[in-house]
Amino acid sequence: MKKNSFTFEVVLAFSFLIVSCFLALRFGSVFDADSSIIYQLRLPRVLLAVAVGMGLSVAGACLQALFSNPLCEPYTLGISSGAALGAVIGTTLGGFWIVSGLTISAFIGALAFTLVLYFVSIRPGNSTLTLLLSGVMMGFFGSGLVALWMSLADSNGIQAAVFWLLGDLSRARMGGAWVTLFSSCILSGALWLRSRQFDALLMGEEDAISLGVDVSVLRRRVIIVVSLLVSLCVSASGMIGFLGLLVPHLVRRRVGALHGKMLPLCAVWGATLLVIADMLARVSVRPFELPVGVVTALVGAPVFMWILLKRGSQV
Amino acid sequence: MVSRFSSVLLFFYFFSAPAFAREVTDAVGVRIELSEKPLRIVTLAPSLGELVSVFLGADLARIVGVSEYSDVPLALKKVFSIGPYNRLNIERIASLKPDLIFATTDGNLPDQIQHLRETGMPVVVVNTDDFSEIGNSIKLVGSAIGSPAESEQVAKQFSESLERFRQAVRRRRANQAKPRVLLQLGDDPLVVVGSKTFLHHAIQLVNAENIYGDIKDRYPRPSKEDVVKRDPDVILVLALGADRSYFETLARKWGGLRNMRAVQKGRIKVLQADALLRPTLRFLEGASLLEKAIYEEK
């Protein structure tokens, strides 16, 4: 398959991002928004959507490479379940856990789960598959705890938690959005610096080792960085599904599987798609607002299927 | 010298005269600066829309935004909607440029209230967890709107009618055993009434006992088995709106549990609770319906 030139792809992606940001600032829950609404309410949301869309897509792409598994997504390792647990406990106990729109308890929960994963990853002799399966198991365990907490907690707090679990950018504040955007850029950049090693992993773990890649060290470091990235995104916006799975596949079809080119484009396309999805969430059912996770799943899944069936062949 | 002094005074008079004329402290202890007569009021729960309307009378145009399902008085149905109480649309609220927003601790999410405050909007939060809080909420709403004298009067009217009703119930039910009551709010999961809500106090008001009065949440969700074990004398399914058929189905669902006292005596009913569920003046109407339903009067 002939690939377009990388420069063209970058220009295309950035133009889409700019146009979608402009549209997202222009359209919302009301028609005639003045500058204070755009600046105080819409801009933080757009910035947060950029940050989270970028983070989730890059995290998804890296995990797919690390585990050589096209089904991996940011939530595969169960870190998000730790975040969900923290968020559900935090939101039902009261609003004090949310600082500038970032759910601190979710971040703590995610870090706790990351720590367990890290210990699994440094144990000598544990294969990548062990790590992957441990992550999946932790995910189930975390979801179990979330369900347990939710069936015991008071109904009032649960409503907040349910919206959180569906993925939601409406909590965005300026401060929190900038922090998320800044950290998301740095962590994504850190992952991008490992592009060559990810490329080596594409040939299989043993070939990568023979090419001089210390797979266990790489695994450990990537787990830490990706976990931080996912914790950050999830604590800012809840569980926005599908994006981290979809975007890497779309981008791979456009520029191929080499990570040096693919990761930056994942970042830009992920940001673009989430900005658009959030805009749809705001304008589609006024005066109600859809959780953005609903939009990404409802629009993303059919689009993904269509692309798969149209192009056929390899994923 | 004197003239200089007075000009300084004049200066202070004109330039330090506060843009906001007064301050109120709401139910969560936050002080909010308000204009003398707020003209762009937004209410974030149906009960608040109703209560504010009581004070505004014919001046209802001062309410510029209401939450979904605000239908008392009927005119509120036509007012700009800012979304459901548990998921407010902050952008729509901001677009109204409100000079007074009413929120409640029973339903609105604390982070959304915080978000509104951070964007500089004046939010007054009320609490309606028990009768004295309902009285306070009436006073708070009235004084925030700018009619403190009237609100004192309405609050007094509320507490006096409440007391009269309490005495009347006591006289009527002096020789009757306290029925043990389950108020059912939802099904699957079953949602009932705990002690942290005014509905619990409503049950006590009509000389009955809430079988979940020992649980300190607002709306706990016990299992049906636990209800069977607690074995209430009366089960009341609270119905909202014109269509009762759904609630009748919920009431019939208990029918299979033949060991329960309420089933044996056929004391499972649907109670039209639109008035009861509003912590406003209409509440007493609802409370007397509650009493009739519990004691099976026609």
# chains A, B, ... in the order shown; residues from 1 in each chain; ligands from 1

call {"tool": "residues_around", "arguments": {"residues": "Val88 in chain A", "least_positions_apart": "3", "cutoff": "7 Å", "atoms": "only C-alpha atoms", "output": "VMD selection string"}}
result
chain A and resid 84 to 85 91 to 92 146 161

call {"tool": "residues_around", "arguments": {"residues": "range 126-142 of chain A", "least_positions_apart": "3", "cutoff": "7 Å", "atoms": "only C-alpha atoms", "output": "PyMOL selection string"}}
result
chain A and resi 67+76-79+81-82+85+117+120-121+123+145-146

call {"tool": "write_last_selection", "arguments": {"atoms": "N, CA, C and O atoms", "output": "mmCIF file, in the first residue's frame"}}
result
data_model
loop_
_atom_site.group_PDB
_atom_site.id
_atom_site.type_symbol
_atom_site.label_atom_id
_atom_site.label_comp_id
_atom_site.auth_asym_id
_atom_site.auth_seq_id
_atom_site.Cartn_x
_atom_site.Cartn_y
_atom_site.Cartn_z
ATOM 1 N N PHE A 67 3.013 -5.044 23.744
ATOM 2 C CA PHE A 67 2.497 -6.402 23.896
ATOM 3 C C PHE A 67 2.273 -7.074 22.548
ATOM 4 O O PHE A 67 1.720 -8.173 22.494
ATOM 5 N N THR A 76 -6.493 -1.579 28.944
ATOM 6 C CA THR A 76 -6.247 -3.018 29.028
ATOM 7 C C THR A 76 -5.529 -3.400 30.312
ATOM 8 O O THR A 76 -5.800 -4.430 30.909
ATOM 9 N N LEU A 77 -4.588 -2.559 30.749
ATOM 10 C CA LEU A 77 -3.769 -2.934 31.898
ATOM 11 C C LEU A 77 -4.476 -2.743 33.230
ATOM 12 O O LEU A 77 -3.889 -2.968 34.278
ATOM 13 N N GLY A 78 -5.706 -2.318 33.205
ATOM 14 C CA GLY A 78 -6.454 -2.246 34.453
ATOM 15 C C GLY A 78 -6.156 -1.026 35.293
ATOM 16 O O GLY A 78 -6.735 -0.859 36.355
ATOM 17 N N ILE A 79 -5.246 -0.159 34.808
ATOM 18 C CA ILE A 79 -4.928 1.039 35.577
ATOM 19 C C ILE A 79 -6.172 1.903 35.734
ATOM 20 O O ILE A 79 -6.428 2.494 36.786
ATOM 21 N N SER A 81 -9.148 0.939 35.997
ATOM 22 C CA SER A 81 -10.045 0.437 37.035
ATOM 23 C C SER A 81 -9.621 0.956 38.399
ATOM 24 O O SER A 81 -10.466 1.241 39.249
ATOM 25 N N GLY A 82 -8.299 1.070 38.589
ATOM 26 C CA GLY A 82 -7.818 1.665 39.832
ATOM 27 C C GLY A 82 -8.289 3.104 39.942
ATOM 28 O O GLY A 82 -8.749 3.554 40.993
ATOM 29 N N LEU A 85 -11.969 3.199 40.696
ATOM 30 C CA LEU A 85 -12.221 2.909 42.105
ATOM 31 C C LEU A 85 -11.983 4.158 42.953
ATOM 32 O O LEU A 85 -12.817 4.534 43.780
ATOM 33 N N LEU A 117 1.471 -3.309 39.185
ATOM 34 C CA LEU A 117 1.942 -3.725 37.862
ATOM 35 C C LEU A 117 3.456 -3.621 37.768
ATOM 36 O O LEU A 117 4.120 -4.471 37.171
ATOM 37 N N VAL A 120 5.078 -6.498 39.346
ATOM 38 C CA VAL A 120 4.985 -7.666 38.478
ATOM 39 C C VAL A 120 6.048 -7.576 37.392
ATOM 40 O O VAL A 120 6.728 -8.558 37.074
ATOM 41 N N SER A 121 6.241 -6.353 36.844
ATOM 42 C CA SER A 121 7.140 -6.217 35.703
ATOM 43 C C SER A 121 8.613 -6.333 36.095
ATOM 44 O O SER A 121 9.443 -6.699 35.274
ATOM 45 N N ARG A 123 9.769 -8.378 38.458
ATOM 46 C CA ARG A 123 10.128 -9.723 38.923
ATOM 47 C C ARG A 123 10.818 -10.465 37.794
ATOM 48 O O ARG A 123 10.257 -10.613 36.705
ATOM 49 N N LEU A 145 -14.401 -4.162 42.641
ATOM 50 C CA LEU A 145 -14.427 -3.266 43.802
ATOM 51 C C LEU A 145 -15.316 -2.050 43.538
ATOM 52 O O LEU A 145 -16.030 -1.591 44.427
ATOM 53 N N VAL A 146 -15.266 -1.542 42.298
ATOM 54 C CA VAL A 146 -16.123 -0.398 41.950
ATOM 55 C C VAL A 146 -17.585 -0.782 42.133
ATOM 56 O O VAL A 146 -18.365 -0.066 42.766
#

call {"tool": "residues_around", "arguments": {"residues": "range 243-248 of chain A", "least_positions_apart": "3", "cutoff": "7 Å", "atoms": "only C-alpha atoms", "output": "PDB file with N, CA and C atoms, in the first residue's frame"}}
result
ATOM      1  N   LEU A  56      -4.517   9.394  25.469  1.00  0.00           N
ATOM      2  CA  LEU A  56      -5.093   8.057  25.326  1.00  0.00           C
ATOM      3  C   LEU A  56      -4.617   7.377  24.045  1.00  0.00           C
ATOM      4  N   SER A  57      -4.537   8.154  22.948  1.00  0.00           N
ATOM      5  CA  SER A  57      -4.142   7.542  21.679  1.00  0.00           C
ATOM      6  C   SER A  57      -2.690   7.091  21.718  1.00  0.00           C
ATOM      7  N   ALA A  59      -0.933   6.387  24.406  1.00  0.00           N
ATOM      8  CA  ALA A  59      -0.839   5.266  25.336  1.00  0.00           C
ATOM      9  C   ALA A  59      -1.296   3.976  24.667  1.00  0.00           C
ATOM     10  N   GLY A  60      -2.401   4.067  23.920  1.00  0.00           N
ATOM     11  CA  GLY A  60      -2.902   2.886  23.224  1.00  0.00           C
ATOM     12  C   GLY A  60      -1.878   2.345  22.238  1.00  0.00           C
ATOM     13  N   ALA A  61      -1.308   3.245  21.444  1.00  0.00           N
ATOM     14  CA  ALA A  61      -0.336   2.825  20.436  1.00  0.00           C
ATOM     15  C   ALA A  61       0.865   2.141  21.088  1.00  0.00           C
ATOM     16  N   CYS A  72      -4.860  -4.242  22.347  1.00  0.00           N
ATOM     17  CA  CYS A  72      -4.528  -3.470  23.542  1.00  0.00           C
ATOM     18  C   CYS A  72      -5.052  -2.045  23.408  1.00  0.00           C
ATOM     19  N   GLU A  73      -5.477  -1.497  24.518  1.00  0.00           N
ATOM     20  CA  GLU A  73      -5.885  -0.097  24.559  1.00  0.00           C
ATOM     21  C   GLU A  73      -5.483   0.438  25.928  1.00  0.00           C
ATOM     22  N   PRO A  74      -5.626   1.734  26.160  1.00  0.00           N
ATOM     23  CA  PRO A  74      -5.116   2.299  27.418  1.00  0.00           C
ATOM     24  C   PRO A  74      -5.689   1.615  28.655  1.00  0.00           C
ATOM     25  N   VAL A 251      -4.141   5.512  12.218  1.00  0.00           N
ATOM     26  CA  VAL A 251      -2.897   6.172  11.843  1.00  0.00           C
ATOM     27  C   VAL A 251      -1.947   5.182  11.177  1.00  0.00           C
ATOM     28  N   ARG A 252      -1.907   3.944  11.695  1.00  0.00           N
ATOM     29  CA  ARG A 252      -1.038   2.940  11.094  1.00  0.00           C
ATOM     30  C   ARG A 252      -1.402   2.716   9.627  1.00  0.00           C
ATOM     31  N   CYS A 266      -0.634   9.998  15.927  1.00  0.00           N
ATOM     32  CA  CYS A 266      -1.637   9.487  16.875  1.00  0.00           C
ATOM     33  C   CYS A 266      -2.069  10.602  17.819  1.00  0.00           C
ATOM     34  N   TRP A 269      -4.264  13.203  15.806  1.00  0.00           N
ATOM     35  CA  TRP A 269      -5.580  12.669  15.434  1.00  0.00           C
ATOM     36  C   TRP A 269      -6.423  12.353  16.658  1.00  0.00           C
ATOM     37  N   GLY A 270      -5.788  11.822  17.700  1.00  0.00           N
ATOM     38  CA  GLY A 270      -6.528  11.539  18.933  1.00  0.00           C
ATOM     39  C   GLY A 270      -7.146  12.805  19.485  1.00  0.00           C
ATOM     40  N   THR A 296     -17.951   8.666  21.612  1.00  0.00           N
ATOM     41  CA  THR A 296     -16.794   7.991  21.012  1.00  0.00           C
ATOM     42  C   THR A 296     -17.133   6.549  20.678  1.00  0.00           C
ATOM     43  N   PHE A 304     -14.927   2.425  12.658  1.00  0.00           N
ATOM     44  CA  PHE A 304     -13.824   1.485  12.691  1.00  0.00           C
ATOM     45  C   PHE A 304     -14.157   0.244  11.858  1.00  0.00           C
TER      46      PHE A 304
END

call {"tool": "atom_distance", "arguments": {"atom1": "CA of Tyr118 in chain A", "atom2": "CA of Ile223 in chain A"}}
result
7.1 Å

call {"tool": "residues_around", "arguments": {"residues": "Ile104 in chain A", "least_positions_apart": "5", "cutoff": "12 Å", "atoms": "only C-alpha atoms", "output": "VMD selection string"}}
result
chain A and resid 83 to 91 95 to 99 109 to 111 176 231 to 238

call {"tool": "residues_around", "arguments": {"residues": "range 273-286 of chain A", "least_positions_apart": "3", "cutoff": "10 Å", "atoms": "only C-alpha atoms", "output": "JSON, numbers by chain"}}
result
{"A": [16, 17, 19, 20, 21, 22, 23, 24, 25, 26, 27, 28, 29, 30, 31, 42, 45, 46, 47, 48, 49, 50, 51, 52, 53, 54, 56, 168, 169, 170, 240, 243, 247, 268, 269, 270, 289, 290, 291, 292, 293, 294, 295, 296, 297, 299, 300], "B": [81, 82, 83, 89, 91, 92]}

call {"tool": "select_by_dssp", "arguments": {"residues": "range 185-277 of chain B", "states": "strand (DSSP E or B)", "output": "list of chain:residue names"}}
result
B:Leu185, B:Gly186, B:Val191, B:Val192, B:Glu209, B:Asn210, B:Val234, B:Ile235, B:Leu236, B:Val237, B:Leu238, B:Ala239, B:Ile268, B:Lys269, B:Val270, B:Leu271, B:Gln272

call {"tool": "residues_around", "arguments": {"residues": "range 266-272 of chain B", "least_positions_apart": "2", "cutoff": "9 Å", "atoms": "only C-alpha atoms", "output": "number ranges by chain"}}
result
B: 233-242, 244, 247-248, 250-252, 254-255, 261-264, 274-276, 286, 289-290, 293-294, 296

call {"tool": "residues_around", "arguments": {"residues": "Arg22 in chain B", "least_positions_apart": "4", "cutoff": "7 Å", "atoms": "only C-alpha atoms", "output": "compact mmCIF listing (two decimals) with all heavy atoms, in the first residue's frame"}}
result
# COMPACT_ATOMS: atom_id res chain seq x y z
N GLU B 33 -22.55 37.57 47.75
CA GLU B 33 -22.98 38.95 47.57
C GLU B 33 -24.08 39.00 46.52
O GLU B 33 -23.97 38.38 45.47
CB GLU B 33 -21.80 39.80 47.10
CG GLU B 33 -20.76 40.00 48.17
CD GLU B 33 -19.56 40.76 47.63
OE1 GLU B 33 -19.22 40.56 46.45
OE2 GLU B 33 -18.97 41.53 48.39
N LEU B 34 -25.15 39.72 46.84
CA LEU B 34 -26.28 39.76 45.92
C LEU B 34 -26.72 41.20 45.69
O LEU B 34 -26.52 42.06 46.55
CB LEU B 34 -27.46 38.99 46.51
CG LEU B 34 -27.30 37.48 46.66
CD1 LEU B 34 -28.49 36.90 47.39
CD2 LEU B 34 -27.14 36.83 45.30
N SER B 35 -27.34 41.42 44.54
CA SER B 35 -27.88 42.75 44.29
C SER B 35 -29.17 42.92 45.09
O SER B 35 -29.75 41.95 45.57
CB SER B 35 -28.14 42.95 42.80
OG SER B 35 -29.11 42.03 42.38
N GLU B 36 -29.62 44.17 45.22
CA GLU B 36 -30.77 44.47 46.07
C GLU B 36 -32.01 43.68 45.65
O GLU B 36 -32.70 43.09 46.48
CB GLU B 36 -31.06 45.99 45.97
CG GLU B 36 -31.91 46.54 47.09
CD GLU B 36 -31.33 46.25 48.47
OE1 GLU B 36 -30.21 46.69 48.78
OE2 GLU B 36 -32.02 45.54 49.22

call {"tool": "select_by_dssp", "arguments": {"residues": "range 115-312 of chain A", "states": "alpha helix (DSSP H)", "output": "JSON, numbers by chain"}}
result
{"A": [115, 116, 117, 118, 119, 120, 121, 122, 128, 129, 130, 131, 132, 133, 134, 135, 136, 137, 138, 139, 140, 141, 142, 143, 144, 145, 146, 147, 148, 149, 150, 151, 152, 155, 156, 157, 158, 159, 160, 161, 162, 163, 164, 165, 166, 174, 175, 176, 177, 178, 179, 180, 181, 182, 183, 184, 185, 186, 187, 188, 189, 190, 191, 192, 195, 196, 197, 198, 199, 200, 201, 205, 206, 207, 208, 209, 210, 215, 216, 217, 218, 219, 220, 221, 222, 223, 224, 225, 226, 227, 228, 229, 230, 231, 232, 233, 234, 235, 236, 237, 243, 244, 245, 246, 247, 248, 249, 250, 251, 252, 253, 254, 255, 259, 260, 261, 262, 263, 264, 265, 266, 267, 268, 269, 270, 271, 272, 273, 274, 275, 276, 277, 278, 279, 280, 281, 282, 283, 292, 293, 294, 295, 296, 297, 298, 299, 300, 301, 302, 303, 304, 305, 306, 307, 308, 309, 310, 311]}

call {"tool": "closest_residue", "arguments": {"among": "B:Ala103, B:Leu116, B:Ile32, B:Ile211", "to": "Ser195 in chain B", "atoms": "only C-alpha atoms"}}
result
B:Ile211

call {"tool": "closest_residue", "arguments": {"among": "B:Arg180, B:Arg87, B:Lys253, B:Arg40", "to": "chain A", "atoms": "only C-alpha atoms"}}
result
B:Arg87

call {"tool": "closest_residue", "arguments": {"among": "A:Ala208, A:Leu152, A:Leu258, A:Leu181", "to": "chain B", "atoms": "only C-alpha atoms"}}
result
A:Leu152

call {"tool": "atom_distance", "arguments": {"atom1": "CA of Ala208 in chain B", "atom2": "CA of Phe131 in chain B"}}
result
16.4 Å

call {"tool": "atom_distance", "arguments": {"atom1": "CA of Ala287 in chain B", "atom2": "CA of Ala168 in chain B"}}
result
12.3 Å

call {"tool": "closest_residue", "arguments": {"among": "B:Leu162, B:Ala273, B:His201, B:Lys78", "to": "Leu185 in chain B", "atoms": "only C-alpha atoms"}}
result
B:Ala273
